[in-house]
file final.tsv (TSV, C-alpha atoms)
chain	number	residue	atom	x	y	z
A	1	MET	CA	127.96	208.47	77.18
A	2	LYS	CA	131.36	206.83	76.68
A	3	LYS	CA	132.39	203.98	78.95
A	4	VAL	CA	135.81	202.48	79.63
A	5	VAL	CA	136.28	199.42	81.83
A	6	LEU	CA	139.69	199.09	83.47
A	7	LEU	CA	140.32	195.48	84.46
A	8	ARG	CA	143.31	194.24	86.38
A	9	HIS	CA	144.22	190.66	85.43
A	10	GLY	CA	143.04	187.72	87.53
A	11	GLU	CA	145.21	186.23	90.26
A	12	SER	CA	148.60	185.15	88.90
A	13	THR	CA	150.91	182.43	90.19
A	14	TRP	CA	153.17	185.06	91.73
A	15	ASN	CA	150.21	186.95	93.22
A	16	LYS	CA	149.41	183.70	95.00
A	17	GLU	CA	153.03	183.30	96.13
A	18	ASN	CA	153.13	186.98	97.17
A	19	ARG	CA	156.11	187.77	94.95
A	20	PHE	CA	157.07	191.00	93.21
A	21	THR	CA	156.16	190.21	89.61
A	22	GLY	CA	156.62	193.27	87.43
A	23	TRP	CA	157.56	192.33	83.86
A	24	THR	CA	158.07	188.64	84.70
A	25	ASP	CA	155.63	186.82	82.42
A	26	VAL	CA	153.82	184.53	84.86
A	27	ASP	CA	150.51	182.77	84.21
A	28	LEU	CA	147.09	182.88	85.85
A	29	THR	CA	146.21	180.51	88.67
A	30	PRO	CA	142.98	178.46	88.44
A	31	ALA	CA	141.50	181.01	90.85
A	32	GLY	CA	142.60	183.80	88.49
A	33	VAL	CA	140.85	182.07	85.60
A	34	GLU	CA	137.66	181.90	87.67
A	35	GLU	CA	138.01	185.58	88.55
A	36	ALA	CA	138.15	186.39	84.83
A	37	HIS	CA	134.99	184.36	84.20
A	38	GLU	CA	133.26	186.19	87.06
A	39	ALA	CA	134.33	189.57	85.65
A	40	ALA	CA	132.81	188.61	82.29
A	41	ARG	CA	129.58	187.60	84.02
A	42	LEU	CA	129.36	190.96	85.78
A	43	MET	CA	129.96	192.88	82.56
A	44	ASN	CA	127.45	190.74	80.66
A	45	GLU	CA	124.84	191.40	83.33
A	46	ALA	CA	125.58	195.13	83.13
A	47	GLY	CA	125.00	195.06	79.36
A	48	PHE	CA	128.48	195.91	78.16
A	49	ARG	CA	129.29	195.38	74.46
A	50	PHE	CA	132.83	196.53	73.80
A	51	GLY	CA	133.97	197.68	70.39
A	52	ILE	CA	137.71	197.39	70.97
A	53	ALA	CA	140.06	196.06	73.66
A	54	PHE	CA	143.54	197.01	74.86
A	55	THR	CA	146.01	194.94	76.84
A	56	SER	CA	149.70	194.54	77.67
A	57	TYR	CA	152.38	192.16	76.40
A	58	LEU	CA	152.09	189.97	79.52
A	59	LYS	CA	150.15	186.71	79.41
A	60	ARG	CA	148.29	187.17	82.68
A	61	ALA	CA	146.54	190.23	81.24
A	62	ILE	CA	146.15	188.77	77.76
A	63	LYS	CA	144.61	185.54	79.07
A	64	THR	CA	142.27	187.46	81.37
A	65	LEU	CA	141.09	189.50	78.41
A	66	ASN	CA	140.70	186.42	76.18
A	67	ILE	CA	138.51	184.71	78.78
A	68	VAL	CA	136.38	187.82	79.14
A	69	LEU	CA	135.93	188.30	75.40
A	70	GLU	CA	135.08	184.64	74.83
A	71	ASP	CA	132.52	184.61	77.65
A	72	MET	CA	130.98	187.81	76.28
A	73	ASP	CA	130.95	186.47	72.69
A	74	LEU	CA	133.27	189.31	71.62
A	75	LEU	CA	136.28	187.44	70.24
A	76	GLN	CA	135.77	189.19	66.90
A	77	ILE	CA	136.55	192.70	68.17
A	78	PRO	CA	139.99	194.25	67.55
A	79	VAL	CA	142.57	193.91	70.32
A	80	GLU	CA	145.57	196.22	70.56
A	81	LYS	CA	148.55	195.11	72.68
A	82	SER	CA	151.21	197.46	74.00
A	83	TRP	CA	154.18	197.11	76.36
A	84	ARG	CA	153.20	200.54	77.65
A	85	LEU	CA	150.36	198.84	79.56
A	86	ASN	CA	152.76	196.39	81.24
A	87	GLU	CA	153.05	196.26	85.01
A	88	LYS	CA	155.56	198.50	86.78
A	89	HIS	CA	159.06	197.05	86.52
A	90	TYR	CA	160.26	196.12	90.02
A	91	GLY	CA	163.95	195.88	89.16
A	92	MET	CA	165.98	193.75	91.57
A	93	LEU	CA	162.84	193.00	93.60
A	94	GLN	CA	161.29	190.89	90.84
A	95	GLY	CA	160.79	187.34	92.07
A	96	LEU	CA	161.27	188.16	95.76
A	97	ASN	CA	158.59	187.33	98.32
A	98	LYS	CA	156.98	190.55	99.59
A	99	ALA	CA	156.48	189.40	103.19
A	100	GLU	CA	160.06	188.09	103.47
A	101	THR	CA	161.36	191.32	101.95
A	102	ALA	CA	159.29	193.33	104.45
A	103	ALA	CA	160.69	191.27	107.32
A	104	LYS	CA	164.23	191.95	106.07
A	105	TYR	CA	163.96	195.64	105.12
A	106	SER	CA	160.79	196.74	107.03
A	107	GLU	CA	157.19	197.13	105.93
A	108	GLU	CA	157.75	200.87	105.53
A	109	GLN	CA	160.56	200.32	103.01
A	110	VAL	CA	158.53	197.78	101.05
A	111	LEU	CA	155.60	200.19	100.97
A	112	ILE	CA	157.92	202.81	99.48
A	113	TRP	CA	159.15	200.38	96.81
A	114	ARG	CA	155.61	199.17	96.05
A	115	ARG	CA	153.61	202.35	96.24
A	116	SER	CA	155.60	205.57	96.45
A	117	TYR	CA	155.16	207.81	93.45
A	118	ASP	CA	158.75	208.55	92.48
A	119	VAL	CA	161.04	206.03	94.24
A	120	ALA	CA	162.16	203.05	92.16
A	121	PRO	CA	163.84	199.85	93.40
A	122	SER	CA	167.42	199.15	92.34
A	123	GLU	CA	167.91	198.36	88.66
A	124	ILE	CA	168.57	194.84	87.46
A	125	PRO	CA	171.97	194.56	85.72
A	126	GLU	CA	172.11	194.43	81.93
A	127	ASN	CA	173.37	190.82	82.08
A	128	ASP	CA	170.61	189.67	84.47
A	129	GLU	CA	168.42	186.89	83.08
A	130	ARG	CA	165.40	188.98	84.12
A	131	ASN	CA	166.39	191.73	81.68
A	132	THR	CA	163.47	191.83	79.25
A	133	ARG	CA	165.51	193.73	76.69
A	134	LYS	CA	166.61	190.25	75.59
A	135	ASP	CA	163.06	188.88	75.36
A	136	PRO	CA	161.92	188.29	71.73
A	137	LYS	CA	158.44	189.58	72.51
A	138	TYR	CA	159.96	193.07	72.79
A	139	SER	CA	161.87	192.90	69.50
A	140	ASP	CA	159.66	195.68	68.10
A	141	VAL	CA	160.49	198.03	70.99
A	142	ASP	CA	163.53	200.29	71.17
A	143	PRO	CA	165.71	198.62	73.85
A	144	LYS	CA	166.39	202.04	75.38
A	145	LEU	CA	162.69	202.30	76.23
A	146	ILE	CA	162.58	198.99	78.11
A	147	PRO	CA	163.16	199.68	81.81
A	148	LEU	CA	165.51	198.00	84.25
A	149	THR	CA	163.38	199.34	87.12
A	150	GLU	CA	160.52	201.83	87.50
A	151	SER	CA	158.70	204.02	89.96
A	152	LEU	CA	154.98	204.64	89.62
A	153	LYS	CA	155.89	208.00	88.08
A	154	ASP	CA	157.79	206.16	85.33
A	155	CYS	CA	154.76	203.93	84.82
A	156	VAL	CA	152.51	207.00	84.51
A	157	ASN	CA	154.89	208.53	81.97
A	158	ARG	CA	154.42	205.58	79.60
A	159	ALA	CA	150.80	204.57	80.32
A	160	VAL	CA	149.12	207.98	80.26
A	161	PRO	CA	150.44	209.00	76.81
A	162	TYR	CA	149.20	205.62	75.55
A	163	TRP	CA	145.79	206.41	77.07
A	164	ASN	CA	145.69	209.78	75.32
A	165	ASP	CA	147.15	208.66	71.99
A	166	HIS	CA	145.38	205.30	71.53
A	167	ILE	CA	142.53	204.65	73.95
A	168	VAL	CA	140.88	208.08	73.91
A	169	PRO	CA	140.87	208.29	70.08
A	170	SER	CA	139.20	204.86	69.94
A	171	LEU	CA	136.22	206.35	71.79
A	172	LYS	CA	135.44	208.45	68.72
A	173	THR	CA	134.49	205.18	67.02
A	174	TYR	CA	133.37	202.99	69.93
A	175	ASP	CA	131.17	203.89	72.88
A	176	GLN	CA	132.53	201.11	75.09
A	177	VAL	CA	136.16	200.05	75.51
A	178	ILE	CA	137.92	197.59	77.82
A	179	VAL	CA	141.52	197.83	79.03
A	180	ALA	CA	142.90	194.66	80.64
A	181	ALA	CA	146.23	195.40	82.27
A	182	HIS	CA	147.99	195.54	85.65
A	183	GLY	CA	147.77	197.05	89.10
A	184	ASN	CA	150.28	199.83	88.56
A	185	SER	CA	149.76	200.69	84.89
A	186	LEU	CA	146.05	201.03	85.68
A	187	ARG	CA	146.77	202.96	88.88
A	188	GLY	CA	148.75	205.41	86.78
A	189	ILE	CA	145.82	205.93	84.42
A	190	ILE	CA	143.37	206.22	87.34
A	191	LYS	CA	145.65	208.77	89.01
A	192	TYR	CA	145.52	210.84	85.85
A	193	LEU	CA	141.78	210.47	85.27
A	194	LYS	CA	140.79	211.30	88.86
A	195	ASN	CA	143.59	213.80	89.51
A	196	ILE	CA	144.75	211.87	92.56
A	197	SER	CA	147.71	213.47	94.33
A	198	ASP	CA	151.14	211.87	94.64
A	199	GLU	CA	150.51	211.54	98.38
A	200	GLU	CA	147.11	209.84	98.04
A	201	ILE	CA	147.84	207.39	95.22
A	202	PRO	CA	149.61	204.85	97.53
A	203	LYS	CA	146.23	204.28	99.22
A	204	LEU	CA	144.59	203.00	96.02
A	205	ASN	CA	144.43	199.20	96.16
A	206	LEU	CA	143.24	197.82	92.84
A	207	PRO	CA	141.73	194.32	93.21
A	208	THR	CA	142.29	191.54	90.71
A	209	ALA	CA	139.65	191.07	88.00
A	210	MET	CA	136.99	193.42	89.35
A	211	PRO	CA	135.70	195.66	86.53
A	212	TYR	CA	136.23	199.35	87.24
A	213	VAL	CA	133.91	201.45	85.08
A	214	PHE	CA	134.67	205.02	84.01
A	215	GLU	CA	131.92	207.04	82.33
A	216	PHE	CA	132.67	210.13	80.22
A	217	ASP	CA	130.57	212.69	78.41
A	218	ASP	CA	131.13	213.34	74.71
A	219	ASN	CA	133.92	215.79	75.55
A	220	MET	CA	135.73	213.12	77.61
A	221	ASN	CA	134.97	214.78	80.92
A	222	LEU	CA	134.79	212.16	83.68
A	223	VAL	CA	131.19	211.87	84.87
A	224	ASN	CA	131.23	208.80	87.11
A	225	ASP	CA	133.37	205.84	88.17
A	226	TYR	CA	132.42	202.67	90.03
A	227	PHE	CA	133.26	199.00	90.45
A	228	LEU	CA	130.97	196.21	89.34
A	229	GLY	CA	130.41	193.43	91.85
A	230	ASN	CA	129.63	192.77	95.48
A	231	PRO	CA	130.89	195.58	97.78
A	232	GLU	CA	131.96	193.08	100.46
A	233	ASP	CA	133.96	191.08	97.92
A	234	LEU	CA	135.51	194.31	96.63
A	235	ALA	CA	136.55	195.38	100.14
A	236	LYS	CA	138.01	191.94	100.86
A	237	ARG	CA	140.06	191.91	97.66
A	238	MET	CA	141.29	195.47	98.24
A	239	GLU	CA	142.39	194.53	101.76
A	240	ALA	CA	144.24	191.49	100.40
A	241	VAL	CA	146.19	193.74	98.01
A	242	ALA	CA	147.01	196.17	100.83
A	243	ASN	CA	148.31	193.34	103.03
A	244	GLN	CA	150.72	191.92	100.46
A	245	GLY	CA	153.59	194.08	101.66
A	246	LYS	CA	153.29	193.18	105.34
A	247	ALA	CA	155.84	191.00	107.09
A	248	THR	CA	153.20	188.69	108.59
call {"tool": "encode", "arguments": {"input": "final.tsv", "output": "structure tokens"}}
result
Amino acid sequence: MKKVVLLRHGESTWNKENRFTGWTDVDLTPAGVEEAHEAARLMNEAGFRFGIAFTSYLKRAIKTLNIVLEDMDLLQIPVEKSWRLNEKHYGMLQGLNKAETAAKYSEEQVLIWRRSYDVAPSEIPENDERNTRKDPKYSDVDPKLIPLTESLKDCVNRAVPYWNDHIVPSLKTYDQVIVAAHGNSLRGIIKYLKNISDEEIPKLNLPTAMPYVFEFDDNMNLVNDYFLGNPEDLAKRMEAVANQGKAT
């Protein structure tokens, strides 16, 4: 049995402020740090011993993973970082408050920008300070590949090939793998793994720092998937994610 844990980062400063974050490199809140510790506790109790880890280029995911690996005494394992696991790029929405944006443009429009499969927000201009093509951390990436906005479909088109080309091959060597990333990059992978339709994927609310376990047979057929943790806590965190785009 092969097992992959998908872990969204703990609460970030902009999660707390209810802002569109995207590729903006914000930090964890103290609550987010505690969420990461709790995730590690759950995985320790479940007996996980990862052989390799994957994460994005964004510090909220990297720090979540570092906390988890330290708490699980796994700092020695290899960690592979890729921009392809970054959050969806929210274009001109990045930095805006979701509730205020919903009040201005309607909750329905914000839901489309947040969750629709193939509609992207407006691009940020090339000269915008939020343009990550200028960020030194992406110096090893072809600037043409760095987005100025994205839909979930765009996110799928970069995250799923990374899953197939890097994460799946690692399971030939390791029985257990962890991927610490973001709500939308992970939603894209989950959509692919569970064959969720374009119409149904907006309903998937991925909570912060709750381990989502995927079990595969030796031929990488999905056998089972489930969250670790208290079901009531899971439902509460999922509801909080769903409510982020509401005007009040």
call {"tool": "atom_distance", "arguments": {"input": "final.tsv", "atom1": "CA of Asn15 in chain A", "atom2": "CA of Thr55 in chain A"}}
result
18.7 Å
call {"tool": "atom_distance", "arguments": {"input": "final.tsv", "atom1": "CA of Leu148 in chain A", "atom2": "CA of Ala120 in chain A"}}
result
10.0 Å
call {"tool": "closest_residue", "arguments": {"input": "final.tsv", "among": "A:Cys155, A:Met210, A:Met43, A:Leu75", "to": "Ile189 in chain A", "atoms": "all atoms listed in the file"}}
result
A:Cys155
call {"tool": "atom_distance", "arguments": {"input": "final.tsv", "atom1": "CA of Ile146 in chain A", "atom2": "CA of Ile196 in chain A"}}
result
26.3 Å
call {"tool": "residues_around", "arguments": {"input": "final.tsv", "residues": "Glu150 in chain A", "least_positions_apart": "6", "cutoff": "9 Å", "atoms": "only C-alpha atoms", "output": "list in words"}}
result
Lys88, His89, Tyr90, Gly91, Asp118, Val119, Ala120, Pro121, Ser122 and Glu123 of chain A
call {"tool": "residues_around", "arguments": {"input": "final.tsv", "residues": "Met72 in chain A", "least_positions_apart": "5", "cutoff": "9 Å", "atoms": "all atoms listed in the file", "output": "MDAnalysis selection string"}}
result
chainID A and resid 40:41 43:44 48:49 67
call {"tool": "closest_residue", "arguments": {"input": "final.tsv", "among": "A:Glu108, A:Glu126, A:Glu17, A:Glu34", "to": "Gly95 in chain A", "atoms": "all atoms listed in the file"}}
result
A:Glu17
call {"tool": "residues_around", "arguments": {"input": "final.tsv", "residues": "Ala235 in chain A", "least_positions_apart": "3", "cutoff": "12 Å", "atoms": "all atoms listed in the file", "output": "list of chain:residue names"}}
result
A:Leu204, A:Asn205, A:Leu206, A:Pro207, A:Thr208, A:Met210, A:Phe227, A:Gly229, A:Asn230, A:Pro231, A:Glu232, A:Met238, A:Glu239, A:Ala240, A:Val241, A:Ala242
call {"tool": "axis_aligned_box", "arguments": {"input": "final.tsv", "around": "range 130-149 of chain A", "padding_each_side": "8 Å", "output": "JSON"}}
result
{"center_x": 162.5, "center_y": 195.3, "center_z": 77.6, "size_x": 24.2, "size_y": 30.0, "size_z": 35.0}
call {"tool": "closest_residue", "arguments": {"input": "final.tsv", "among": "A:Ile77, A:Ala61, A:Leu193, A:Val68", "to": "Val160 in chain A", "atoms": "all atoms listed in the file"}}
result
A:Leu193
call {"tool": "residues_near_point", "arguments": {"input": "final.tsv", "point": "(132.4, 210.1, 89.0)", "cutoff": "12 Å", "atoms": "all atoms listed in the file", "output": "list in words"}}
result
Lys3, Ile190, Leu193, Lys194, Asn195, Tyr212, Val213, Phe214, Glu215, Phe216, Asp217, Asn221, Leu222, Val223, Asn224, Asp225, Tyr226 and Phe227 of chain A
call {"tool": "residues_around", "arguments": {"input": "final.tsv", "residues": "Leu96 in chain A", "least_positions_apart": "3", "cutoff": "7 Å", "atoms": "all atoms listed in the file", "output": "PyMOL selection string"}}
result
chain A and resi 19-20+93+101
call {"tool": "closest_residue", "arguments": {"input": "final.tsv", "among": "A:His37, A:Lys104, A:Lys98, A:Lys2", "to": "Lys16 in chain A", "atoms": "only C-alpha atoms"}}
result
A:Lys98
call {"tool": "residues_around", "arguments": {"input": "final.tsv", "residues": "Tyr174 in chain A", "least_positions_apart": "5", "cutoff": "8 Å", "atoms": "all atoms listed in the file", "output": "ChimeraX atom specification"}}
result
/A:50-52
call {"tool": "closest_residue", "arguments": {"input": "final.tsv", "among": "A:Ser170, A:Ser139, A:Gln94, A:Ser116", "to": "Glu200 in chain A", "atoms": "only C-alpha atoms"}}
result
A:Ser116
call {"tool": "closest_residue", "arguments": {"input": "final.tsv", "among": "A:Gly32, A:Pro161, A:Pro211, A:Pro143", "to": "Gly188 in chain A", "atoms": "all atoms listed in the file"}}
result
A:Pro161
